[in-house]
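Here is work_30.cif, consisting of mmCIF, C-alpha atoms:
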data_entry
loop_
_atom_site.group_PDB
_atom_site.id
_atom_site.type_symbol
_atom_site.label_atom_id
_atom_site.label_comp_id
_atom_site.auth_asym_id
_atom_site.auth_seq_id
_atom_site.Cartn_x
_atom_site.Cartn_y
_atom_site.Cartn_z
ATOM 1 C CA MET Z 1065 0.000 0.000 0.000
ATOM 2 C CA LYS Z 1066 2.823 2.377 0.927
ATOM 3 C CA LYS Z 1067 4.397 1.671 -2.464
ATOM 4 C CA ILE Z 1068 1.138 2.497 -4.281
ATOM 5 C CA VAL Z 1069 0.764 5.744 -2.349
ATOM 6 C CA LEU Z 1070 4.334 6.738 -3.143
ATOM 7 C CA PHE Z 1071 3.835 5.874 -6.793
ATOM 8 C CA LEU Z 1072 0.613 7.893 -6.936
ATOM 9 C CA ALA Z 1073 2.238 10.854 -5.185
ATOM 10 C CA ALA Z 1074 5.106 10.866 -7.668
ATOM 11 C CA THR Z 1075 2.728 10.586 -10.632
ATOM 12 C CA LEU Z 1076 0.498 13.390 -9.395
ATOM 13 C CA ALA Z 1077 3.418 15.637 -8.495
ATOM 14 C CA THR Z 1078 4.769 15.669 -12.045
ATOM 15 C CA PRO Z 1079 2.034 17.799 -13.673
ATOM 16 C CA LEU Z 1080 1.926 20.061 -10.617
ATOM 17 C CA LEU Z 1081 5.630 20.802 -10.976
ATOM 18 C CA HIS Z 1082 5.155 21.637 -14.644
ATOM 19 C CA ALA Z 1083 2.301 24.011 -13.860
ATOM 20 C CA GLU Z 1084 4.406 26.021 -11.401
ATOM 21 C CA GLU Z 1085 4.422 29.761 -12.110
ATOM 22 C CA PRO Z 1086 7.591 30.955 -13.826
ATOM 23 C CA LYS Z 1087 9.777 32.974 -11.453
ATOM 24 C CA PRO Z 1088 9.893 36.787 -11.777
ATOM 25 C CA ALA Z 1089 12.941 38.453 -13.310
ATOM 26 C CA PRO Z 1090 15.546 40.005 -10.975
ATOM 27 C CA ASN Z 1091 14.151 43.482 -11.766
ATOM 28 C CA GLY Z 1092 10.706 42.436 -10.503
ATOM 29 C CA ILE Z 1093 9.025 41.973 -13.898
ATOM 30 C CA THR Z 1094 6.669 38.997 -13.825
ATOM 31 C CA LEU Z 1095 5.789 36.940 -16.885
ATOM 32 C CA PRO Z 1096 2.889 38.933 -18.407
ATOM 33 C CA GLU Z 1097 -0.362 36.996 -18.169
ATOM 34 C CA GLY Z 1098 -1.980 36.045 -21.457
ATOM 35 C CA TYR Z 1099 0.890 37.237 -23.638
ATOM 36 C CA LYS Z 1100 0.293 34.350 -26.024
ATOM 37 C CA ASN Z 1101 -3.038 35.984 -26.888
ATOM 38 C CA TRP Z 1102 -1.568 39.386 -27.692
ATOM 39 C CA ARG Z 1103 -1.902 40.789 -31.188
ATOM 40 C CA LEU Z 1104 0.786 40.988 -33.835
ATOM 41 C CA ILE Z 1105 3.169 43.919 -34.159
ATOM 42 C CA ALA Z 1106 5.732 42.360 -36.521
ATOM 43 C CA VAL Z 1107 7.731 39.295 -37.502
ATOM 44 C CA SER Z 1108 11.489 38.997 -37.982
ATOM 45 C CA GLN Z 1109 14.302 36.576 -38.654
ATOM 46 C CA ARG Z 1110 17.866 36.522 -37.337
ATOM 47 C CA THR Z 1111 20.200 34.927 -39.854
ATOM 48 C CA GLU Z 1112 23.169 34.577 -37.483
ATOM 49 C CA ASN Z 1113 21.338 32.267 -35.105
ATOM 50 C CA GLN Z 1114 18.637 30.900 -37.443
ATOM 51 C CA THR Z 1115 15.635 32.025 -35.466
ATOM 52 C CA GLN Z 1116 12.236 33.261 -36.526
ATOM 53 C CA ARG Z 1117 10.368 35.675 -34.317
ATOM 54 C CA ALA Z 1118 6.910 37.058 -33.736
ATOM 55 C CA ILE Z 1119 6.649 40.373 -31.934
ATOM 56 C CA LEU Z 1120 3.349 40.753 -30.088
ATOM 57 C CA GLY Z 1121 2.056 43.676 -28.054
ATOM 58 C CA ASN Z 1122 -0.373 44.242 -25.210
ATOM 59 C CA ASP Z 1123 -3.412 46.448 -25.946
ATOM 60 C CA LEU Z 1124 -1.556 49.689 -25.162
ATOM 61 C CA ALA Z 1125 1.309 48.725 -27.464
ATOM 62 C CA ILE Z 1126 -1.065 47.719 -30.288
ATOM 63 C CA GLU Z 1127 -2.991 50.996 -30.007
ATOM 64 C CA ALA Z 1128 0.281 52.944 -30.134
ATOM 65 C CA ALA Z 1129 1.609 50.892 -33.060
ATOM 66 C CA ARG Z 1130 -1.537 51.362 -35.137
ATOM 67 C CA ALA Z 1131 -1.722 55.073 -34.385
ATOM 68 C CA GLY Z 1132 1.979 55.486 -35.249
ATOM 69 C CA LYS Z 1133 2.611 56.815 -31.741
ATOM 70 C CA THR Z 1134 5.802 54.921 -30.952
ATOM 71 C CA HIS Z 1135 8.266 57.832 -30.600
ATOM 72 C CA PRO Z 1136 8.217 57.247 -27.683
ATOM 73 C CA TRP Z 1137 6.067 54.213 -26.907
ATOM 74 C CA PRO Z 1138 3.562 55.006 -24.115
ATOM 75 C CA ASN Z 1139 4.048 53.986 -20.503
ATOM 76 C CA GLY Z 1140 2.381 50.637 -19.931
ATOM 77 C CA ALA Z 1141 3.200 49.305 -23.381
ATOM 78 C CA ILE Z 1142 4.724 45.825 -23.343
ATOM 79 C CA LEU Z 1143 6.394 44.142 -26.307
ATOM 80 C CA ALA Z 1144 6.834 40.366 -26.386
ATOM 81 C CA LYS Z 1145 9.273 38.738 -28.747
ATOM 82 C CA LEU Z 1146 8.744 35.009 -29.178
ATOM 83 C CA SER Z 1147 11.561 33.105 -30.892
ATOM 84 C CA TRP Z 1148 11.704 29.708 -32.532
ATOM 85 C CA LYS Z 1149 14.630 27.869 -34.069
ATOM 86 C CA GLN Z 1150 13.965 27.906 -37.805
ATOM 87 C CA LYS Z 1151 13.919 24.824 -40.015
ATOM 88 C CA ASN Z 1152 13.213 23.989 -43.626
ATOM 89 C CA SER Z 1153 9.733 22.745 -44.347
ATOM 90 C CA ASP Z 1154 9.616 19.140 -45.491
ATOM 91 C CA LYS Z 1155 6.336 19.886 -47.286
ATOM 92 C CA PHE Z 1156 7.237 22.983 -49.303
ATOM 93 C CA PRO Z 1157 10.831 23.115 -50.575
ATOM 94 C CA THR Z 1158 11.389 26.898 -50.329
ATOM 95 C CA ALA Z 1159 9.589 27.485 -47.040
ATOM 96 C CA VAL Z 1160 11.340 28.172 -43.734
ATOM 97 C CA ILE Z 1161 9.187 27.518 -40.691
ATOM 98 C CA PRO Z 1162 9.428 27.619 -36.869
ATOM 99 C CA GLY Z 1163 10.731 24.581 -35.011
ATOM 100 C CA GLU Z 1164 11.562 24.414 -31.309
ATOM 101 C CA PHE Z 1165 10.504 27.315 -29.087
ATOM 102 C CA VAL Z 1166 13.583 29.205 -27.852
ATOM 103 C CA GLN Z 1167 12.488 32.012 -25.539
ATOM 104 C CA ALA Z 1168 10.111 34.853 -24.792
ATOM 105 C CA ASP Z 1169 11.664 38.311 -24.390
ATOM 106 C CA PHE Z 1170 9.810 41.282 -23.006
ATOM 107 C CA MET Z 1171 10.276 45.043 -22.984
ATOM 108 C CA VAL Z 1172 8.090 46.859 -20.448
ATOM 109 C CA LYS Z 1173 7.777 50.648 -20.848
ATOM 110 C CA ASP Z 1174 7.803 52.652 -17.615
ATOM 111 C CA ASP Z 1175 9.864 55.802 -17.857
ATOM 112 C CA LYS Z 1176 9.880 56.302 -14.076
ATOM 113 C CA LYS Z 1177 10.513 52.778 -12.823
ATOM 114 C CA PHE Z 1178 13.049 51.963 -15.532
ATOM 115 C CA ALA Z 1179 14.539 55.453 -15.990
ATOM 116 C CA ALA Z 1180 18.042 54.042 -15.469
ATOM 117 C CA SER Z 1181 17.718 51.793 -18.539
ATOM 118 C CA GLY Z 1182 16.158 54.220 -21.000
ATOM 119 C CA GLY Z 1183 12.580 53.855 -19.783
ATOM 120 C CA TRP Z 1184 12.302 50.151 -20.541
ATOM 121 C CA GLY Z 1185 12.534 47.121 -18.279
ATOM 122 C CA TYR Z 1186 13.835 43.932 -19.881
ATOM 123 C CA ALA Z 1187 13.009 40.326 -19.002
ATOM 124 C CA ARG Z 1188 13.373 36.913 -20.569
ATOM 125 C CA TRP Z 1189 12.036 33.425 -19.958
ATOM 126 C CA LEU Z 1190 13.790 30.499 -21.605
ATOM 127 C CA GLY Z 1191 12.362 27.464 -23.342
ATOM 128 C CA MET Z 1192 9.080 25.625 -23.024
ATOM 129 C CA GLU Z 1193 9.624 25.485 -19.252
ATOM 130 C CA GLN Z 1194 9.830 29.316 -19.109
ATOM 131 C CA LYS Z 1195 12.906 29.332 -16.916
ATOM 132 C CA VAL Z 1196 13.628 32.899 -15.897
ATOM 133 C CA TYR Z 1197 16.826 34.458 -17.251
ATOM 134 C CA ASP Z 1198 18.168 35.624 -13.927
ATOM 135 C CA LYS Z 1199 21.326 37.577 -14.651
ATOM 136 C CA PRO Z 1200 20.895 40.738 -12.599
ATOM 137 C CA ASP Z 1201 22.520 42.927 -15.280
ATOM 138 C CA ILE Z 1202 20.052 42.010 -18.049
ATOM 139 C CA ALA Z 1203 19.298 45.680 -18.816
ATOM 140 C CA GLN Z 1204 22.946 46.433 -19.534
ATOM 141 C CA GLU Z 1205 23.212 43.302 -21.629
ATOM 142 C CA CYS Z 1206 20.116 44.264 -23.658
ATOM 143 C CA LEU Z 1207 21.234 47.869 -24.007
ATOM 144 C CA GLY Z 1208 24.452 46.578 -25.564
ATOM 145 C CA CYS Z 1209 22.375 46.292 -28.746
ATOM 146 C CA HIS Z 1210 19.187 48.263 -28.011
ATOM 147 C CA GLY Z 1211 21.254 51.323 -27.110
ATOM 148 C CA SER Z 1212 22.089 51.646 -30.812
ATOM 149 C CA VAL Z 1213 18.441 52.499 -31.567
ATOM 150 C CA LYS Z 1214 17.944 55.108 -28.842
ATOM 151 C CA ASP Z 1215 16.479 57.332 -31.582
ATOM 152 C CA GLN Z 1216 13.717 54.699 -32.017
ATOM 153 C CA ASP Z 1217 12.995 54.642 -28.286
ATOM 154 C CA TYR Z 1218 15.356 51.645 -27.969
ATOM 155 C CA VAL Z 1219 13.044 49.415 -30.051
ATOM 156 C CA PHE Z 1220 14.325 47.669 -33.188
ATOM 157 C CA THR Z 1221 10.884 46.513 -34.299
ATOM 158 C CA ALA Z 1222 8.890 48.703 -36.651
ATOM 159 C CA PRO Z 1223 5.209 47.714 -36.622
ATOM 160 C CA VAL Z 1224 4.253 45.934 -39.858
ATOM 161 C CA LYS Z 1225 2.317 47.772 -42.527
ATOM 162 C CA LEU Z 1226 -1.320 46.692 -42.502
ATOM 163 C CA PRO Z 1227 -4.155 47.628 -44.890
ATOM 164 C CA MET S 346 -28.446 76.631 -46.106
ATOM 165 C CA LYS S 347 -28.176 74.584 -49.325
ATOM 166 C CA LYS S 348 -24.448 75.397 -49.453
ATOM 167 C CA ILE S 349 -23.940 74.253 -45.894
ATOM 168 C CA VAL S 350 -25.765 71.016 -46.618
ATOM 169 C CA LEU S 351 -23.668 70.412 -49.752
ATOM 170 C CA PHE S 352 -20.453 71.164 -47.867
ATOM 171 C CA LEU S 353 -21.427 68.809 -45.083
ATOM 172 C CA ALA S 354 -22.398 66.101 -47.565
ATOM 173 C CA ALA S 355 -19.038 66.407 -49.367
ATOM 174 C CA THR S 356 -17.105 66.358 -46.085
ATOM 175 C CA LEU S 357 -18.942 63.341 -44.802
ATOM 176 C CA ALA S 358 -18.659 61.498 -48.114
ATOM 177 C CA THR S 359 -14.827 61.589 -48.179
ATOM 178 C CA PRO S 360 -14.151 59.185 -45.317
ATOM 179 C CA LEU S 361 -16.992 56.993 -46.581
ATOM 180 C CA LEU S 362 -15.277 56.655 -49.959
ATOM 181 C CA HIS S 363 -11.993 55.723 -48.297
ATOM 182 C CA ALA S 364 -13.751 53.188 -46.135
ATOM 183 C CA GLU S 365 -15.219 51.379 -49.161
ATOM 184 C CA GLU S 366 -15.505 47.672 -48.445
ATOM 185 C CA PRO S 367 -13.146 45.401 -50.395
ATOM 186 C CA LYS S 368 -15.129 43.334 -52.913
ATOM 187 C CA PRO S 369 -16.008 39.718 -52.079
ATOM 188 C CA ALA S 370 -14.155 36.871 -53.774
ATOM 189 C CA PRO S 371 -15.850 35.094 -56.726
ATOM 190 C CA ASN S 372 -16.747 32.165 -54.427
ATOM 191 C CA GLY S 373 -18.685 34.535 -52.137
ATOM 192 C CA ILE S 374 -16.098 34.768 -49.332
ATOM 193 C CA THR S 375 -16.013 38.293 -47.906
ATOM 194 C CA LEU S 376 -12.941 39.804 -46.282
ATOM 195 C CA PRO S 377 -13.217 38.591 -42.668
ATOM 196 C CA GLU S 378 -13.891 41.479 -40.308
ATOM 197 C CA GLY S 379 -11.248 42.185 -37.718
ATOM 198 C CA TYR S 380 -8.731 39.675 -39.096
ATOM 199 C CA LYS S 381 -5.854 42.021 -38.171
ATOM 200 C CA ASN S 382 -6.758 41.424 -34.523
ATOM 201 C CA TRP S 383 -6.659 37.637 -34.768
ATOM 202 C CA ARG S 384 -4.146 35.701 -32.718
ATOM 203 C CA LEU S 385 -0.971 34.071 -33.948
ATOM 204 C CA ILE S 386 -0.830 30.526 -35.291
ATOM 205 C CA ALA S 387 2.623 30.639 -36.898
ATOM 206 C CA VAL S 388 5.160 32.583 -38.923
ATOM 207 C CA SER S 389 6.961 31.527 -42.101
ATOM 208 C CA GLN S 390 9.279 32.678 -44.818
ATOM 209 C CA ARG S 391 9.361 31.860 -48.535
ATOM 210 C CA THR S 392 12.871 32.022 -49.870
ATOM 211 C CA GLU S 393 11.921 31.890 -53.569
ATOM 212 C CA ASN S 394 9.956 35.136 -53.440
ATOM 213 C CA GLN S 395 11.546 36.756 -50.368
ATOM 214 C CA THR S 396 8.426 37.133 -48.302
ATOM 215 C CA GLN S 397 7.793 36.872 -44.585
ATOM 216 C CA ARG S 398 4.428 35.732 -43.343
ATOM 217 C CA ALA S 399 2.292 35.712 -40.242
ATOM 218 C CA ILE S 400 -0.468 33.132 -40.043
ATOM 219 C CA LEU S 401 -3.333 34.253 -37.812
ATOM 220 C CA GLY S 402 -6.524 32.425 -36.897
ATOM 221 C CA ASN S 403 -10.038 33.304 -35.819
ATOM 222 C CA ASP S 404 -11.133 32.120 -32.355
ATOM 223 C CA LEU S 405 -12.244 28.705 -33.616
ATOM 224 C CA ALA S 406 -8.933 28.168 -35.396
ATOM 225 C CA ILE S 407 -6.916 29.248 -32.345
ATOM 226 C CA GLU S 408 -8.883 26.918 -30.057
ATOM 227 C CA ALA S 409 -8.303 24.038 -32.460
ATOM 228 C CA ALA S 410 -4.601 24.853 -32.867
ATOM 229 C CA ARG S 411 -3.991 24.996 -29.112
ATOM 230 C CA ALA S 412 -5.910 21.810 -28.480
ATOM 231 C CA GLY S 413 -4.042 20.048 -31.290
ATOM 232 C CA LYS S 414 -7.370 19.361 -33.034
ATOM 233 C CA THR S 415 -6.358 20.231 -36.577
ATOM 234 C CA HIS S 416 -6.763 16.827 -38.256
ATOM 235 C CA PRO S 417 -9.165 18.008 -39.578
ATOM 236 C CA TRP S 418 -9.615 21.673 -38.664
ATOM 237 C CA PRO S 419 -13.177 22.348 -37.443
ATOM 238 C CA ASN S 420 -15.876 23.914 -39.603
ATOM 239 C CA GLY S 421 -15.855 27.666 -39.089
ATOM 240 C CA ALA S 422 -12.090 27.887 -38.649
ATOM 241 C CA ILE S 423 -10.479 30.601 -40.760
ATOM 242 C CA LEU S 424 -6.752 30.956 -41.355
ATOM 243 C CA ALA S 425 -5.311 34.279 -42.526
ATOM 244 C CA LYS S 426 -1.863 34.462 -44.049
ATOM 245 C CA LEU S 427 -0.461 37.993 -44.204
ATOM 246 C CA SER S 428 2.639 38.453 -46.389
ATOM 247 C CA TRP S 429 5.242 41.174 -46.552
ATOM 248 C CA LYS S 430 8.187 41.581 -48.892
ATOM 249 C CA GLN S 431 11.236 40.955 -46.730
ATOM 250 C CA LYS S 432 14.181 43.331 -46.430
ATOM 251 C CA ASN S 433 17.409 43.548 -44.479
ATOM 252 C CA SER S 434 17.282 45.686 -41.379
ATOM 253 C CA ASP S 435 19.430 48.800 -41.573
ATOM 254 C CA LYS S 436 19.654 48.790 -37.771
ATOM 255 C CA PHE S 437 20.726 45.214 -37.071
ATOM 256 C CA PRO S 438 22.995 43.645 -39.667
ATOM 257 C CA THR S 439 21.764 40.047 -39.456
ATOM 258 C CA ALA S 440 18.052 40.792 -39.115
ATOM 259 C CA VAL S 441 15.506 40.294 -41.887
ATOM 260 C CA ILE S 442 12.301 42.258 -41.397
ATOM 261 C CA PRO S 443 8.978 42.903 -43.184
ATOM 262 C CA GLY S 444 8.783 45.687 -45.759
ATOM 263 C CA GLU S 445 5.835 46.359 -48.067
ATOM 264 C CA PHE S 446 2.584 44.528 -47.443
ATOM 265 C CA VAL S 447 1.914 42.044 -50.255
ATOM 266 C CA GLN S 448 -1.419 40.311 -49.655
ATOM 267 C CA ALA S 449 -3.808 38.639 -47.267
ATOM 268 C CA ASP S 450 -4.769 35.034 -48.067
ATOM 269 C CA PHE S 451 -7.582 33.189 -46.354
ATOM 270 C CA MET S 452 -8.660 29.583 -45.969
ATOM 271 C CA VAL S 453 -12.235 29.165 -44.717
ATOM 272 C CA LYS S 454 -13.217 25.700 -43.472
ATOM 273 C CA ASP S 455 -16.711 24.558 -44.411
ATOM 274 C CA ASP S 456 -16.823 20.939 -45.457
ATOM 275 C CA LYS S 457 -20.332 21.254 -46.947
ATOM 276 C CA LYS S 458 -20.072 24.569 -48.791
ATOM 277 C CA PHE S 459 -16.549 23.925 -50.074
ATOM 278 C CA ALA S 460 -16.779 20.131 -50.444
ATOM 279 C CA ALA S 461 -15.606 20.400 -54.057
ATOM 280 C CA SER S 462 -12.270 21.907 -52.967
ATOM 281 C CA GLY S 463 -11.411 19.653 -50.042
ATOM 282 C CA GLY S 464 -13.587 21.422 -47.465
ATOM 283 C CA TRP S 465 -11.803 24.763 -47.695
ATOM 284 C CA GLY S 466 -12.735 27.960 -49.499
ATOM 285 C CA TYR S 467 -9.842 30.108 -50.666
ATOM 286 C CA ALA S 468 -9.730 33.891 -51.063
ATOM 287 C CA ARG S 469 -7.113 36.578 -51.468
ATOM 288 C CA TRP S 470 -6.979 40.366 -51.288
ATOM 289 C CA LEU S 471 -3.971 42.132 -52.761
ATOM 290 C CA GLY S 472 -1.928 45.026 -51.437
ATOM 291 C CA MET S 473 -2.724 47.857 -49.070
ATOM 292 C CA GLU S 474 -5.847 48.631 -51.136
ATOM 293 C CA GLN S 475 -7.126 45.055 -50.551
ATOM 294 C CA LYS S 476 -8.041 44.498 -54.200
ATOM 295 C CA VAL S 477 -9.847 41.204 -54.483
ATOM 296 C CA TYR S 478 -8.084 38.426 -56.407
ATOM 297 C CA ASP S 479 -10.929 37.632 -58.731
ATOM 298 C CA LYS S 480 -9.853 34.651 -60.794
ATOM 299 C CA PRO S 481 -12.830 32.314 -60.596
ATOM 300 C CA ASP S 482 -10.617 29.209 -60.463
ATOM 301 C CA ILE S 483 -8.710 30.254 -57.335
ATOM 302 C CA ALA S 484 -9.501 26.974 -55.557
ATOM 303 C CA GLN S 485 -7.877 24.932 -58.321
ATOM 304 C CA GLU S 486 -4.906 27.279 -58.333
ATOM 305 C CA CYS S 487 -4.490 26.964 -54.543
ATOM 306 C CA LEU S 488 -4.967 23.215 -54.618
ATOM 307 C CA GLY S 489 -2.085 23.005 -57.076
ATOM 308 C CA CYS S 490 0.115 23.262 -53.974
ATOM 309 C CA HIS S 491 -2.263 22.634 -51.051
ATOM 310 C CA GLY S 492 -3.346 19.341 -52.609
ATOM 311 C CA SER S 493 0.084 17.970 -51.720
ATOM 312 C CA VAL S 494 -0.756 18.226 -48.014
ATOM 313 C CA LYS S 495 -4.178 16.569 -48.156
ATOM 314 C CA ASP S 496 -2.969 14.395 -45.246
ATOM 315 C CA GLN S 497 -2.679 17.626 -43.182
ATOM 316 C CA ASP S 498 -6.207 18.710 -44.112
ATOM 317 C CA TYR S 499 -4.689 20.771 -46.968
ATOM 318 C CA VAL S 500 -2.908 23.140 -44.541
ATOM 319 C CA PHE S 501 0.859 23.651 -44.742
ATOM 320 C CA THR S 502 1.054 25.600 -41.481
ATOM 321 C CA ALA S 503 1.755 23.726 -38.264
ATOM 322 C CA PRO S 504 0.799 25.838 -35.238
ATOM 323 C CA VAL S 505 3.919 27.102 -33.433
ATOM 324 C CA LYS S 506 5.017 25.453 -30.216
ATOM 325 C CA LEU S 507 4.134 27.637 -27.237
ATOM 326 C CA PRO S 508 4.970 27.189 -23.546
#

Show me the file's structure as structure tokens.
Amino acid sequence: MKKIVLFLAATLATPLLHAEEPKPAPNGITLPEGYKNWRLIAVSQRTENQTQRAILGNDLAIEAARAGKTHPWPNGAILAKLSWKQKNSDKFPTAVIPGEFVQADFMVKDDKKFAASGGWGYARWLGMEQKVYDKPDIAQECLGCHGSVKDQDYVFTAPVKLP
Amino acid sequence: MKKIVLFLAATLATPLLHAEEPKPAPNGITLPEGYKNWRLIAVSQRTENQTQRAILGNDLAIEAARAGKTHPWPNGAILAKLSWKQKNSDKFPTAVIPGEFVQADFMVKDDKKFAASGGWGYARWLGMEQKVYDKPDIAQECLGCHGSVKDQDYVFTAPVKLP
């Protein structure tokens, strides 16, 4: 009986462990709820690491993007960049499509709270298990590249053209 | 008074003209309302014509995609494929990003209405002006490629992996 109970406990514990909330980033940013349902701002591809990306935005970011009011982006706007390792389609010879999920990156606009890093807070969760990227100097790491587009409010992504 | 009425009529007519509805496709499919707000199913790239794509789905399609119930896709599901001409970023040397908007393609699942074309109706609107693609044999044209993935319910796109 003890063995059965132990077996059951182990079996039941597995899904519970998987459903654990991802940890917050060192700067206090928590994984934004419902980000997978956010609307599209753009797509992109990085040739040096063979990833395809979708850039999504929360409602405030989408409103700003569609109104062309992204210089600067408004406080409260959040951008999510979802990345997948790219692969060649085995069904359509010239198509490149997303494979394994790599990470979800976020930029959270708050020009008071994140004044020290250009008005944006940065956070990242890795892989399907959404393991928090917990280096405390993430902002400096991100600004290593994003600093080059200070004139675009530190954002590389231009919202896609839509009819 | 007549002048004022005429002036008002002219002023009011201008935005109405701009807001003219795109014409329906020859098979009766109308441009789905609000498709730009649909959620993400996948992204892709076509190397032979240098386009980047976002594949969005209506609520029924998203539910099916997330539940893995796409063999077959349910009646009522609509897939939208938005395409942009790709270009190299001038801000990040290895990034490829969307340029001009090319077209919006739709697949509408209705296994009764579109039984003759594998259960899907096809429609396309071209460019920023959303000019309907009005060749009456669009289904045959689409099936020229989509027929090769009959075993995937005629859909090339696999929903992206999400945490």

Name the residues captured by the PyMOL selection byres ((chain S and resi 415-417) around 12) when it is applied to the shown file; answer as number ranges by chain.
S: 386, 405-414, 418-424, 454-456, 463-465, 494-504

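Considering the residues Z:Lys1087, Z:Ala1144, Z:Lys1100, Z:Phe1156 and counting only C-alpha atoms, S:Ser493 has its shortest atom-to-atom contact with Z:Phe1156.
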
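With all atoms listed in the file as the basis for measurement, S:Leu401 is the residue among S:Ala468, S:Leu376, S:Ala484, S:Leu401 that approaches chain Z most closely.
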
Quick check on the file I pasted: which residues fall under the PyMOL selection byres ((chain S) within 8 of (chain Z))? Write them as a PyMOL selection string.
chain S and resi 381-385+387-393+397-399+436-437+439-446+472-475+493-494+501+505-508

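Comparing S:Asp404, S:Glu366, S:Arg469, S:Asn372 by their smallest distance to S:Pro481, the closest is S:Asn372 (using only C-alpha atoms).
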